[in-house]
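Visitor: This is model-v4.pdb, which holds PDB, C-alpha atoms:
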MODEL        1
ATOM      1  CA  MET A   1     -46.457   2.315-117.962
ATOM      2  CA  PHE A   2     -45.003   1.708-114.479
ATOM      3  CA  ARG A   3     -43.223   4.686-112.881
ATOM      4  CA  ARG A   4     -41.171   4.237-109.755
ATOM      5  CA  SER A   5     -41.866   6.805-107.066
ATOM      6  CA  ILE A   6     -39.117   9.350-106.469
ATOM      7  CA  TYR A   7     -39.587   8.783-102.726
ATOM      8  CA  LYS A   8     -37.813   5.957-100.899
ATOM      9  CA  SER A   9     -39.179   4.005 -97.944
ATOM     10  CA  PRO A  10     -37.459   4.251 -94.525
ATOM     11  CA  GLN A  11     -35.815   0.869 -95.121
ATOM     12  CA  GLU A  12     -34.603   1.924 -98.554
ATOM     13  CA  LEU A  13     -33.046   5.040 -97.028
ATOM     14  CA  ARG A  14     -31.231   2.849 -94.526
ATOM     15  CA  ASP A  15     -30.051   0.623 -97.349
ATOM     16  CA  MET A  16     -28.528   3.618 -99.141
ATOM     17  CA  ARG A  17     -26.134   4.424 -96.305
ATOM     18  CA  ALA A  18     -23.519   1.865 -97.359
ATOM     19  CA  ALA A  19     -23.265   3.257-100.880
ATOM     20  CA  GLY A  20     -22.840   6.747 -99.499
ATOM     21  CA  ALA A  21     -20.102   5.615 -97.117
ATOM     22  CA  ALA A  22     -18.249   3.775 -99.896
ATOM     23  CA  THR A  23     -18.434   6.852-102.105
ATOM     24  CA  ALA A  24     -17.054   9.043 -99.314
ATOM     25  CA  ALA A  25     -14.196   6.601 -98.710
ATOM     26  CA  ALA A  26     -13.308   6.479-102.406
ATOM     27  CA  LEU A  27     -13.142  10.250-102.725
ATOM     28  CA  ALA A  28     -11.110  10.537 -99.520
ATOM     29  CA  GLU A  29      -8.531   8.171-101.026
ATOM     30  CA  ALA A  30      -8.469  10.162-104.255
ATOM     31  CA  ARG A  31      -8.048  13.465-102.421
ATOM     32  CA  ARG A  32      -5.082  12.082-100.473
ATOM     33  CA  LEU A  33      -3.185  11.420-103.707
ATOM     34  CA  ILE A  34      -3.639  14.765-105.443
ATOM     35  CA  LEU A  35      -0.030  15.959-105.485
ATOM     36  CA  PRO A  36       2.363  17.131-108.209
ATOM     37  CA  GLY A  37       3.468  14.114-110.226
ATOM     38  CA  ALA A  38       0.440  11.963-109.439
ATOM     39  CA  THR A  39      -2.029  11.185-112.214
ATOM     40  CA  GLY A  40      -5.742  10.795-112.648
ATOM     41  CA  LEU A  41      -5.182   7.086-113.164
ATOM     42  CA  ASP A  42      -3.522   6.902-109.735
ATOM     43  CA  LEU A  43      -6.627   8.435-108.175
ATOM     44  CA  ASP A  44      -8.883   6.128-110.164
ATOM     45  CA  ALA A  45      -7.119   2.961-108.981
ATOM     46  CA  ALA A  46      -7.146   4.058-105.341
ATOM     47  CA  ALA A  47     -10.842   4.943-105.448
ATOM     48  CA  GLU A  48     -11.767   1.608-106.978
ATOM     49  CA  ARG A  49      -9.852  -0.276-104.269
ATOM     50  CA  ALA A  50     -11.701   1.673-101.582
ATOM     51  CA  ILE A  51     -15.068   0.799-103.103
ATOM     52  CA  LEU A  52     -14.218  -2.880-103.542
ATOM     53  CA  ASP A  53     -12.958  -3.055 -99.949
ATOM     54  CA  ARG A  54     -16.447  -2.001 -98.839
ATOM     55  CA  GLY A  55     -18.257  -4.613-100.878
ATOM     56  CA  GLY A  56     -19.303  -2.286-103.667
ATOM     57  CA  ARG A  57     -18.532  -1.559-107.275
ATOM     58  CA  SER A  58     -18.018   1.593-109.292
ATOM     59  CA  ASN A  59     -21.307   2.884-110.627
ATOM     60  CA  PHE A  60     -19.476   5.097-113.107
ATOM     61  CA  LYS A  61     -18.307   1.917-114.825
ATOM     62  CA  LEU A  62     -21.973   1.008-115.295
ATOM     63  CA  GLU A  63     -22.439   4.031-117.555
ATOM     64  CA  PRO A  64     -22.401   2.770-121.181
ATOM     65  CA  GLY A  65     -18.988   3.350-122.737
ATOM     66  CA  TYR A  66     -17.282   4.613-119.577
ATOM     67  CA  ARG A  67     -14.458   2.475-118.178
ATOM     68  CA  HIS A  68     -13.262   4.365-115.102
ATOM     69  CA  THR A  69     -14.248   4.676-111.450
ATOM     70  CA  LEU A  70     -13.829   8.463-111.341
ATOM     71  CA  CYS A  71     -14.110  11.516-113.491
ATOM     72  CA  VAL A  72     -11.085  13.793-113.049
ATOM     73  CA  SER A  73     -11.356  17.280-114.534
ATOM     74  CA  VAL A  74      -8.444  19.737-114.499
ATOM     75  CA  ASP A  75      -8.397  23.534-114.900
ATOM     76  CA  ASP A  76     -10.913  24.468-117.645
ATOM     77  CA  ASP A  77     -12.445  20.975-117.756
ATOM     78  CA  VAL A  78     -15.666  21.196-115.746
ATOM     79  CA  VAL A  79     -17.007  17.655-115.450
ATOM     80  CA  HIS A  80     -16.737  14.173-116.936
ATOM     81  CA  GLY A  81     -12.986  14.330-117.447
ATOM     82  CA  ILE A  82     -11.424  10.930-118.176
ATOM     83  CA  PRO A  83      -8.577   9.988-115.799
ATOM     84  CA  GLY A  84      -5.308   9.926-117.693
ATOM     85  CA  ASP A  85      -1.563   9.639-117.249
ATOM     86  CA  ARG A  86      -0.716  13.342-117.417
ATOM     87  CA  PRO A  87       0.969  14.239-114.094
ATOM     88  CA  PHE A  88      -0.686  16.911-111.987
ATOM     89  CA  ARG A  89       1.246  20.168-111.811
ATOM     90  CA  PRO A  90       1.556  22.800-109.089
ATOM     91  CA  GLY A  91      -1.355  25.221-109.314
ATOM     92  CA  ASP A  92      -3.764  22.805-111.021
ATOM     93  CA  ILE A  93      -7.386  23.024-109.978
ATOM     94  CA  VAL A  94      -8.634  19.432-109.915
ATOM     95  CA  SER A  95     -12.260  18.284-109.669
ATOM     96  CA  VAL A  96     -12.950  14.650-108.820
ATOM     97  CA  ASP A  97     -16.369  13.012-109.205
ATOM     98  CA  GLY A  98     -17.145   9.430-108.226
ATOM     99  CA  GLY A  99     -19.757   7.041-106.984
ATOM    100  CA  ALA A 100     -20.351   3.567-105.656
ATOM    101  CA  GLU A 101     -23.076   0.966-105.861
ATOM    102  CA  VAL A 102     -23.533  -1.252-102.809
ATOM    103  CA  GLY A 103     -26.391  -3.706-102.508
ATOM    104  CA  GLY A 104     -28.103  -2.251-105.542
ATOM    105  CA  TRP A 105     -28.114   1.316-104.173
ATOM    106  CA  ASN A 106     -26.014   4.256-105.344
ATOM    107  CA  GLY A 107     -23.957   7.137-103.998
ATOM    108  CA  ASP A 108     -22.507  10.061-105.962
ATOM    109  CA  ALA A 109     -20.261  12.934-104.827
ATOM    110  CA  ALA A 110     -17.569  15.321-106.030
ATOM    111  CA  PHE A 111     -14.987  17.753-104.708
ATOM    112  CA  THR A 112     -12.472  20.255-106.045
ATOM    113  CA  THR A 113      -9.005  21.070-104.742
ATOM    114  CA  VAL A 114      -6.121  23.294-105.801
ATOM    115  CA  ILE A 115      -2.517  22.084-105.717
ATOM    116  CA  PRO A 116      -0.231  24.636-104.029
ATOM    117  CA  ASP A 117       2.185  26.577-106.230
ATOM    118  CA  PRO A 118       4.478  29.091-104.500
ATOM    119  CA  ASP A 119       5.510  30.478-107.890
ATOM    120  CA  ARG A 120       1.938  31.431-108.865
ATOM    121  CA  PRO A 121       0.175  32.679-105.720
ATOM    122  CA  ASP A 122      -2.321  34.778-107.667
ATOM    123  CA  VAL A 123      -3.434  31.784-109.746
ATOM    124  CA  VAL A 124      -3.746  29.598-106.666
ATOM    125  CA  ALA A 125      -5.714  32.283-104.809
ATOM    126  CA  ALA A 126      -8.177  32.764-107.671
ATOM    127  CA  ARG A 127      -8.694  29.040-108.135
ATOM    128  CA  THR A 128      -9.062  28.459-104.404
ATOM    129  CA  ARG A 129     -11.673  31.205-104.263
ATOM    130  CA  LEU A 130     -13.587  29.570-107.119
ATOM    131  CA  SER A 131     -13.564  26.210-105.350
ATOM    132  CA  GLU A 132     -14.607  27.758-102.043
ATOM    133  CA  VAL A 133     -17.540  29.581-103.631
ATOM    134  CA  THR A 134     -18.662  26.364-105.342
ATOM    135  CA  GLU A 135     -18.411  24.345-102.133
ATOM    136  CA  ALA A 136     -20.304  27.006-100.199
ATOM    137  CA  ALA A 137     -22.964  27.067-102.932
ATOM    138  CA  LEU A 138     -23.394  23.320-102.468
ATOM    139  CA  TRP A 139     -23.921  23.720 -98.725
ATOM    140  CA  HIS A 140     -26.368  26.568 -99.227
ATOM    141  CA  GLY A 141     -28.349  24.213-101.431
ATOM    142  CA  ILE A 142     -28.180  21.384 -98.898
ATOM    143  CA  ALA A 143     -29.190  23.735 -96.079
ATOM    144  CA  ALA A 144     -32.162  24.908 -98.139
ATOM    145  CA  LEU A 145     -33.258  21.312 -98.659
ATOM    146  CA  ALA A 146     -33.689  21.029 -94.876
ATOM    147  CA  SER A 147     -36.490  23.603 -94.804
ATOM    148  CA  VAL A 148     -38.000  24.275 -98.241
ATOM    149  CA  ARG A 149     -41.287  22.819 -99.393
ATOM    150  CA  ARG A 150     -40.444  22.439-103.094
ATOM    151  CA  LEU A 151     -37.219  21.075-104.557
ATOM    152  CA  ASN A 152     -36.602  23.896-107.027
ATOM    153  CA  GLU A 153     -36.162  26.304-104.121
ATOM    154  CA  VAL A 154     -32.752  24.669-103.725
ATOM    155  CA  GLY A 155     -31.646  26.193-107.032
ATOM    156  CA  PHE A 156     -32.886  29.593-105.906
ATOM    157  CA  ALA A 157     -30.725  29.362-102.764
ATOM    158  CA  ILE A 158     -27.652  28.331-104.762
ATOM    159  CA  GLU A 159     -27.995  31.080-107.360
ATOM    160  CA  GLU A 160     -28.755  33.752-104.773
ATOM    161  CA  PHE A 161     -25.579  32.866-102.900
ATOM    162  CA  VAL A 162     -23.366  32.756-105.994
ATOM    163  CA  GLU A 163     -24.693  36.093-107.247
ATOM    164  CA  GLY A 164     -23.527  37.723-104.030
ATOM    165  CA  GLU A 165     -19.987  36.359-104.353
ATOM    166  CA  GLY A 166     -18.830  38.087-107.523
ATOM    167  CA  GLU A 167     -18.545  37.410-111.240
ATOM    168  CA  PHE A 168     -19.046  33.664-111.359
ATOM    169  CA  GLY A 169     -21.134  31.615-113.759
ATOM    170  CA  ILE A 170     -23.387  28.651-112.952
ATOM    171  CA  LEU A 171     -23.555  25.999-115.635
ATOM    172  CA  THR A 172     -27.130  25.514-116.811
ATOM    173  CA  ASP A 173     -26.637  22.616-119.228
ATOM    174  CA  TYR A 174     -25.696  20.224-116.398
ATOM    175  CA  VAL A 175     -27.666  19.801-113.174
ATOM    176  CA  GLY A 176     -28.076  17.509-110.184
ATOM    177  CA  HIS A 177     -30.448  14.566-110.027
ATOM    178  CA  GLY A 178     -32.336  12.070-107.961
ATOM    179  CA  ILE A 179     -30.413   8.972-106.923
ATOM    180  CA  GLY A 180     -31.327   5.521-105.682
ATOM    181  CA  ARG A 181     -31.442   2.223-107.567
ATOM    182  CA  SER A 182     -29.845   4.115-110.441
ATOM    183  CA  MET A 183     -27.172   6.756-110.161
ATOM    184  CA  HIS A 184     -29.210   9.204-112.251
ATOM    185  CA  GLU A 185     -32.919   9.310-111.507
ATOM    186  CA  GLU A 186     -35.737  11.817-111.517
ATOM    187  CA  PRO A 187     -36.117  14.562-110.456
ATOM    188  CA  PRO A 188     -33.607  17.068-111.847
ATOM    189  CA  VAL A 189     -32.006  19.307-109.226
ATOM    190  CA  PHE A 190     -31.368  22.749-110.659
ATOM    191  CA  ASN A 191     -28.528  24.973-109.454
ATOM    192  CA  TYR A 192     -30.337  28.132-110.533
ATOM    193  CA  ARG A 193     -33.802  29.687-110.516
ATOM    194  CA  VAL A 194     -36.449  28.065-112.672
ATOM    195  CA  ASP A 195     -40.088  29.027-113.200
ATOM    196  CA  ARG A 196     -41.582  25.803-111.890
ATOM    197  CA  ARG A 197     -41.755  24.580-108.335
ATOM    198  CA  GLY A 198     -40.578  20.992-108.629
ATOM    199  CA  PRO A 199     -41.636  18.045-106.459
ATOM    200  CA  VAL A 200     -42.513  18.308-102.793
ATOM    201  CA  VAL A 201     -39.596  17.931-100.392
ATOM    202  CA  LYS A 202     -40.696  15.229 -97.959
ATOM    203  CA  PRO A 203     -39.333  12.088 -96.306
ATOM    204  CA  GLY A 204     -37.968   9.632 -98.836
ATOM    205  CA  LEU A 205     -36.526  12.169-101.254
ATOM    206  CA  VAL A 206     -32.858  11.515-102.079
ATOM    207  CA  VAL A 207     -31.027  13.869-104.411
ATOM    208  CA  ALA A 208     -27.516  14.619-105.621
ATOM    209  CA  ILE A 209     -26.949  18.361-105.447
ATOM    210  CA  GLU A 210     -23.986  19.431-107.592
ATOM    211  CA  PRO A 211     -23.255  23.032-108.527
ATOM    212  CA  MET A 212     -20.728  23.507-111.320
ATOM    213  CA  ILE A 213     -19.309  27.022-111.202
ATOM    214  CA  VAL A 214     -16.966  28.730-113.666
ATOM    215  CA  ALA A 215     -14.825  31.847-113.532
ATOM    216  CA  GLY A 216     -16.005  33.026-116.955
ATOM    217  CA  SER A 217     -18.635  32.170-119.544
ATOM    218  CA  ILE A 218     -21.039  29.294-118.918
ATOM    219  CA  GLU A 219     -20.694  28.169-122.536
ATOM    220  CA  THR A 220     -19.051  24.750-122.851
ATOM    221  CA  PHE A 221     -18.091  22.148-125.401
ATOM    222  CA  ILE A 222     -17.315  18.420-125.229
ATOM    223  CA  ARG A 223     -13.773  17.376-126.101
ATOM    224  CA  ASP A 224     -12.997  14.837-128.809
ATOM    225  CA  ASP A 225     -12.974  12.042-126.193
ATOM    226  CA  GLY A 226     -16.770  12.328-126.172
ATOM    227  CA  TRP A 227     -16.959  12.912-122.402
ATOM    228  CA  THR A 228     -14.989  15.859-121.065
ATOM    229  CA  VAL A 229     -17.046  19.046-120.675
ATOM    230  CA  THR A 230     -14.809  22.107-121.024
ATOM    231  CA  THR A 231     -15.348  25.859-120.810
ATOM    232  CA  SER A 232     -15.442  27.478-124.236
ATOM    233  CA  ASP A 233     -13.383  30.477-123.110
ATOM    234  CA  GLY A 234     -10.753  28.469-121.214
ATOM    235  CA  ALA A 235     -11.897  29.771-117.816
ATOM    236  CA  ASP A 236     -11.331  27.698-114.697
ATOM    237  CA  ALA A 237     -14.101  25.508-113.306
ATOM    238  CA  ALA A 238     -15.054  23.829-110.027
ATOM    239  CA  HIS A 239     -17.528  21.092-109.091
ATOM    240  CA  TRP A 240     -18.823  19.997-105.686
ATOM    241  CA  GLU A 241     -21.509  17.383-105.019
ATOM    242  CA  HIS A 242     -23.172  15.353-102.278
ATOM    243  CA  SER A 243     -26.023  12.836-102.137
ATOM    244  CA  VAL A 244     -28.551  13.931 -99.525
ATOM    245  CA  ALA A 245     -31.505  12.090 -97.998
ATOM    246  CA  VAL A 246     -34.618  13.659 -96.506
ATOM    247  CA  HIS A 247     -36.183  11.491 -93.802
ATOM    248  CA  ALA A 248     -38.766  11.759 -91.069
ATOM    249  CA  ASP A 249     -36.361  13.311 -88.558
ATOM    250  CA  GLY A 250     -34.404  15.673 -90.824
ATOM    251  CA  ILE A 251     -31.722  15.414 -93.499
ATOM    252  CA  TRP A 252     -28.538  13.357 -93.729
ATOM    253  CA  VAL A 253     -25.712  13.837 -96.214
ATOM    254  CA  LEU A 254     -25.079  10.246 -97.257
ATOM    255  CA  THR A 255     -21.718  10.929 -98.896
ATOM    256  CA  ALA A 256     -20.206  13.004 -96.064
ATOM    257  CA  GLU A 257     -18.399  11.131 -93.308
ATOM    258  CA  ASP A 258     -20.138  13.234 -90.633
ATOM    259  CA  GLY A 259     -23.471  13.437 -92.425
ATOM    260  CA  GLY A 260     -22.771  17.089 -93.136
ATOM    261  CA  ALA A 261     -22.601  18.160 -89.481
ATOM    262  CA  ALA A 262     -19.517  20.383 -89.705
ATOM    263  CA  ALA A 263     -20.636  22.341 -92.765
ATOM    264  CA  LEU A 264     -24.305  22.627 -91.759
ATOM    265  CA  ALA A 265     -23.483  23.976 -88.287
ATOM    266  CA  ALA A 266     -22.956  27.392 -89.876
ATOM    267  CA  PHE A 267     -26.609  27.325 -90.945
ATOM    268  CA  GLY A 268     -27.876  26.249 -87.528
ATOM    269  CA  ILE A 269     -28.794  22.837 -88.913
ATOM    270  CA  THR A 270     -27.956  19.549 -87.227
ATOM    271  CA  PRO A 271     -28.224  16.593 -89.608
ATOM    272  CA  VAL A 272     -29.902  13.541 -88.128
ATOM    273  CA  PRO A 273     -28.636  10.004 -88.851
ATOM    274  CA  ILE A 274     -31.060   7.747 -90.667
ATOM    275  CA  GLY A 275     -32.296   5.327 -88.024
TER     276      GLY A 275
ENDMDL
END
Can the structure in the file be given as structure tokens, please?

Guide:
Amino acid sequence: MFRRSIYKSPQELRDMRAAGAATAAALAEARRLILPGATGLDLDAAAERAILDRGGRSNFKLEPGYRHTLCVSVDDDVVHGIPGDRPFRPGDIVSVDGGAEVGGWNGDAAFTTVIPDPDRPDVVAARTRLSEVTEAALWHGIAALASVRRLNEVGFAIEEFVEGEGEFGILTDYVGHGIGRSMHEEPPVFNYRVDRRGPVVKPGLVVAIEPMIVAGSIETFIRDDGWTVTTSDGADAAHWEHSVAVHADGIWVLTAEDGGAAALAAFGITPVPIG
């Protein structure tokens, strides 16, 4: 049986840049609209326009049975939330996940934000802290990818960071993945320690790193819509993700407008554009 290598050629890495840029543009449009009164459907429409404007198409719509460009998850919904017409409210913690396919190659990314609420500063502070820890966990994982020899060391770096930040839980039922011709490819990218080393990190590896962190129990259930993953105890959740390429000269975050330069500077890492 034929198995495609998990490693891309230099030309294939170059070809993936457009999908990453379209994904970044779509999520930037969605982020701009997250205000009280807006809806997940508003975000979804804006993200799709951004992808189409860049010659791509939504790869989420290629998932069997899914009909939206984004997943929009609010409060205790962790991932895979279906965009709806319920208006966002002050204090909501909103996670947005999306991706684009351009020229047969895929990008995938996610972010979380908290809508200000002057009437509930404690809620906003706790939710902002959760999002900040999750985003920082993502960048610890990306920074690790720049120097580790085996992929599963990324999960060690993420878990070690989160453990030092307080009582947060890392979902174990949902993990990151390889990405390329398909949005979800081998290998899995764990956000926690595992007892196997994983594949070698070398030029051509492209992965989507995506920690999903909760403020309570890591137990979840899927809502009746068949998609939305929700915390069993009603605790808040956050989700951050980027698609990252390893190439001969370093790493490049395909779904970040600056390739990850601003966030990786704190680690002493300078991402290198794919030439």

Visitor: Once the PyMOL selection byres ((chain A and resi 43) around 9) is applied to the coordinates I shared, what remains selected? I want it as a ChimeraX atom specification.

Guide: /A:27,29-34,38-42,44-48,70,72,83,96

Visitor: Write the residues of the selection above to a file with C-alpha atoms, as an mmCIF file, in the frame of the given file.

Guide:
data_model
loop_
_atom_site.group_PDB
_atom_site.id
_atom_site.type_symbol
_atom_site.label_atom_id
_atom_site.label_comp_id
_atom_site.auth_asym_id
_atom_site.auth_seq_id
_atom_site.Cartn_x
_atom_site.Cartn_y
_atom_site.Cartn_z
ATOM 1 C CA LEU A 27 -13.142 10.250 -102.725
ATOM 2 C CA GLU A 29 -8.531 8.171 -101.026
ATOM 3 C CA ALA A 30 -8.469 10.162 -104.255
ATOM 4 C CA ARG A 31 -8.048 13.465 -102.421
ATOM 5 C CA ARG A 32 -5.082 12.082 -100.473
ATOM 6 C CA LEU A 33 -3.185 11.420 -103.707
ATOM 7 C CA ILE A 34 -3.639 14.765 -105.443
ATOM 8 C CA ALA A 38 0.440 11.963 -109.439
ATOM 9 C CA THR A 39 -2.029 11.185 -112.214
ATOM 10 C CA GLY A 40 -5.742 10.795 -112.648
ATOM 11 C CA LEU A 41 -5.182 7.086 -113.164
ATOM 12 C CA ASP A 42 -3.522 6.902 -109.735
ATOM 13 C CA ASP A 44 -8.883 6.128 -110.164
ATOM 14 C CA ALA A 45 -7.119 2.961 -108.981
ATOM 15 C CA ALA A 46 -7.146 4.058 -105.341
ATOM 16 C CA ALA A 47 -10.842 4.943 -105.448
ATOM 17 C CA GLU A 48 -11.767 1.608 -106.978
ATOM 18 C CA LEU A 70 -13.829 8.463 -111.341
ATOM 19 C CA VAL A 72 -11.085 13.793 -113.049
ATOM 20 C CA PRO A 83 -8.577 9.988 -115.799
ATOM 21 C CA VAL A 96 -12.950 14.650 -108.820
#

Visitor: Looking at all atoms listed in the file, which of A:Ile170, A:His177, A:Ala22, A:Pro199 is the one that sits closest to Thr220 (chain A)?

Guide: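 Once distances to Thr220 (chain A) are computed over all atoms listed in the file, the minimum belongs to A:Ile170.
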
Visitor: Residues near region 254-256 of chain A, anyone? I mean within 9 Å using all atoms listed in the file, not counting same-chain ones fewer than 3 positions away, as an MDAnalysis selection string.

Guide: chainID A and resid 16:25 107:109 241:245 259:261

Visitor: Restricting the calculation to all atoms listed in the file: of A:Leu205, A:Ile213, A:Val74, A:Ile6, which residue gets closest to Glu135 (chain A)?

Guide: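 Once distances to Glu135 (chain A) are computed over all atoms listed in the file, the minimum belongs to A:Ile213.
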
Visitor: What would the selection look like, as a ChimeraX atom specification, if the PyMOL selection byres ((chain A and resi 156) around 8) were run on the coordinates I just shared?

Guide: /A:152-155,157-160,191-194

Visitor: Please produce an output containing C-alpha atoms for each residue in the selection, written as a PDB file, in the coordinates of the input.

Guide:
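Contents of result-v6.pdb, freshly written:
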ATOM      1  CA  ASN A 152     -36.602  23.896-107.027  1.00  0.00           C
ATOM      2  CA  GLU A 153     -36.162  26.304-104.121  1.00  0.00           C
ATOM      3  CA  VAL A 154     -32.752  24.669-103.725  1.00  0.00           C
ATOM      4  CA  GLY A 155     -31.646  26.193-107.032  1.00  0.00           C
ATOM      5  CA  ALA A 157     -30.725  29.362-102.764  1.00  0.00           C
ATOM      6  CA  ILE A 158     -27.652  28.331-104.762  1.00  0.00           C
ATOM      7  CA  GLU A 159     -27.995  31.080-107.360  1.00  0.00           C
ATOM      8  CA  GLU A 160     -28.755  33.752-104.773  1.00  0.00           C
ATOM      9  CA  ASN A 191     -28.528  24.973-109.454  1.00  0.00           C
ATOM     10  CA  TYR A 192     -30.337  28.132-110.533  1.00  0.00           C
ATOM     11  CA  ARG A 193     -33.802  29.687-110.516  1.00  0.00           C
ATOM     12  CA  VAL A 194     -36.449  28.065-112.672  1.00  0.00           C
TER      13      VAL A 194
END

Visitor: I'd like the interatomic distance between CA of Val189 (chain A) and CA of Leu151 (chain A), to a tenth of an Å.

Guide: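 Interatomic distance here is 7.2 Å.
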
Visitor: Quick one: 8 Å padding each side, axis-aligned, all listed atoms of region 148-164 of chain A - centre and edge lengths in Å to one decimal, as lines of an AutoDock Vina configuration file?

Guide:
center_x = -32.3
center_y = 29.4
center_z = -102.8
size_x = 33.9
size_y = 32.6
size_z = 25.1

Visitor: Give me the residues near Gly81 (chain A) as a PyMOL selection string, where near means some atom within 10 Å (using all atoms listed in the file) and where sequence neighbours in that chain fewer than 4 positions away do not count.

Guide: chain A and resi 40+70-74+77+95-97+222-223+225-230

Visitor: Report, in Å with one decimal, the straight-line distance from CA of Ala235 (chain A) to CA of Ile218 (chain A).

Guide: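 Computing the Euclidean distance for CA of Ala235 (chain A) and CA of Ile218 (chain A) yields 9.2 Å.
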
Visitor: Can you measure CA of Val246 (chain A) to CA of Asp15 (chain A) for me? One decimal in Å is fine.

Guide: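 Atom-to-atom, CA of Val246 (chain A) and CA of Asp15 (chain A) are spaced 13.8 Å apart.
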
Visitor: Smallest atom-to-atom distance to Leu264 (chain A): which of A:Val200, A:Leu138, A:Met183, A:Val162, using only C-alpha atoms?

Guide: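 Smallest separation from Leu264 (chain A) among the options: A:Leu138.
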
Visitor: Taking into account all atoms listed in the file, which residue in the set A:Ser147, A:Asp233, A:Leu52, A:Ser217 is nearest to Gly268 (chain A)?

Guide: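 With all atoms listed in the file as the atom set, the closest residue is A:Ser147.
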
Visitor: Given all atoms listed in the file as the basis, pick out the residue of A:Glu186, A:Glu210, A:Asp195, A:Asp92 nearest to Tyr174 (chain A).

Guide: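 The shortest atom-to-atom distance to Tyr174 (chain A) comes from A:Glu210.
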
Visitor: Which residue gives the smallest distance to Val253 (chain A) among A:Val94, A:Ala26, A:Ile51, A:Leu13, with all atoms listed in the file counted?

Guide: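 Closest residue, counting all atoms listed in the file: A:Leu13.
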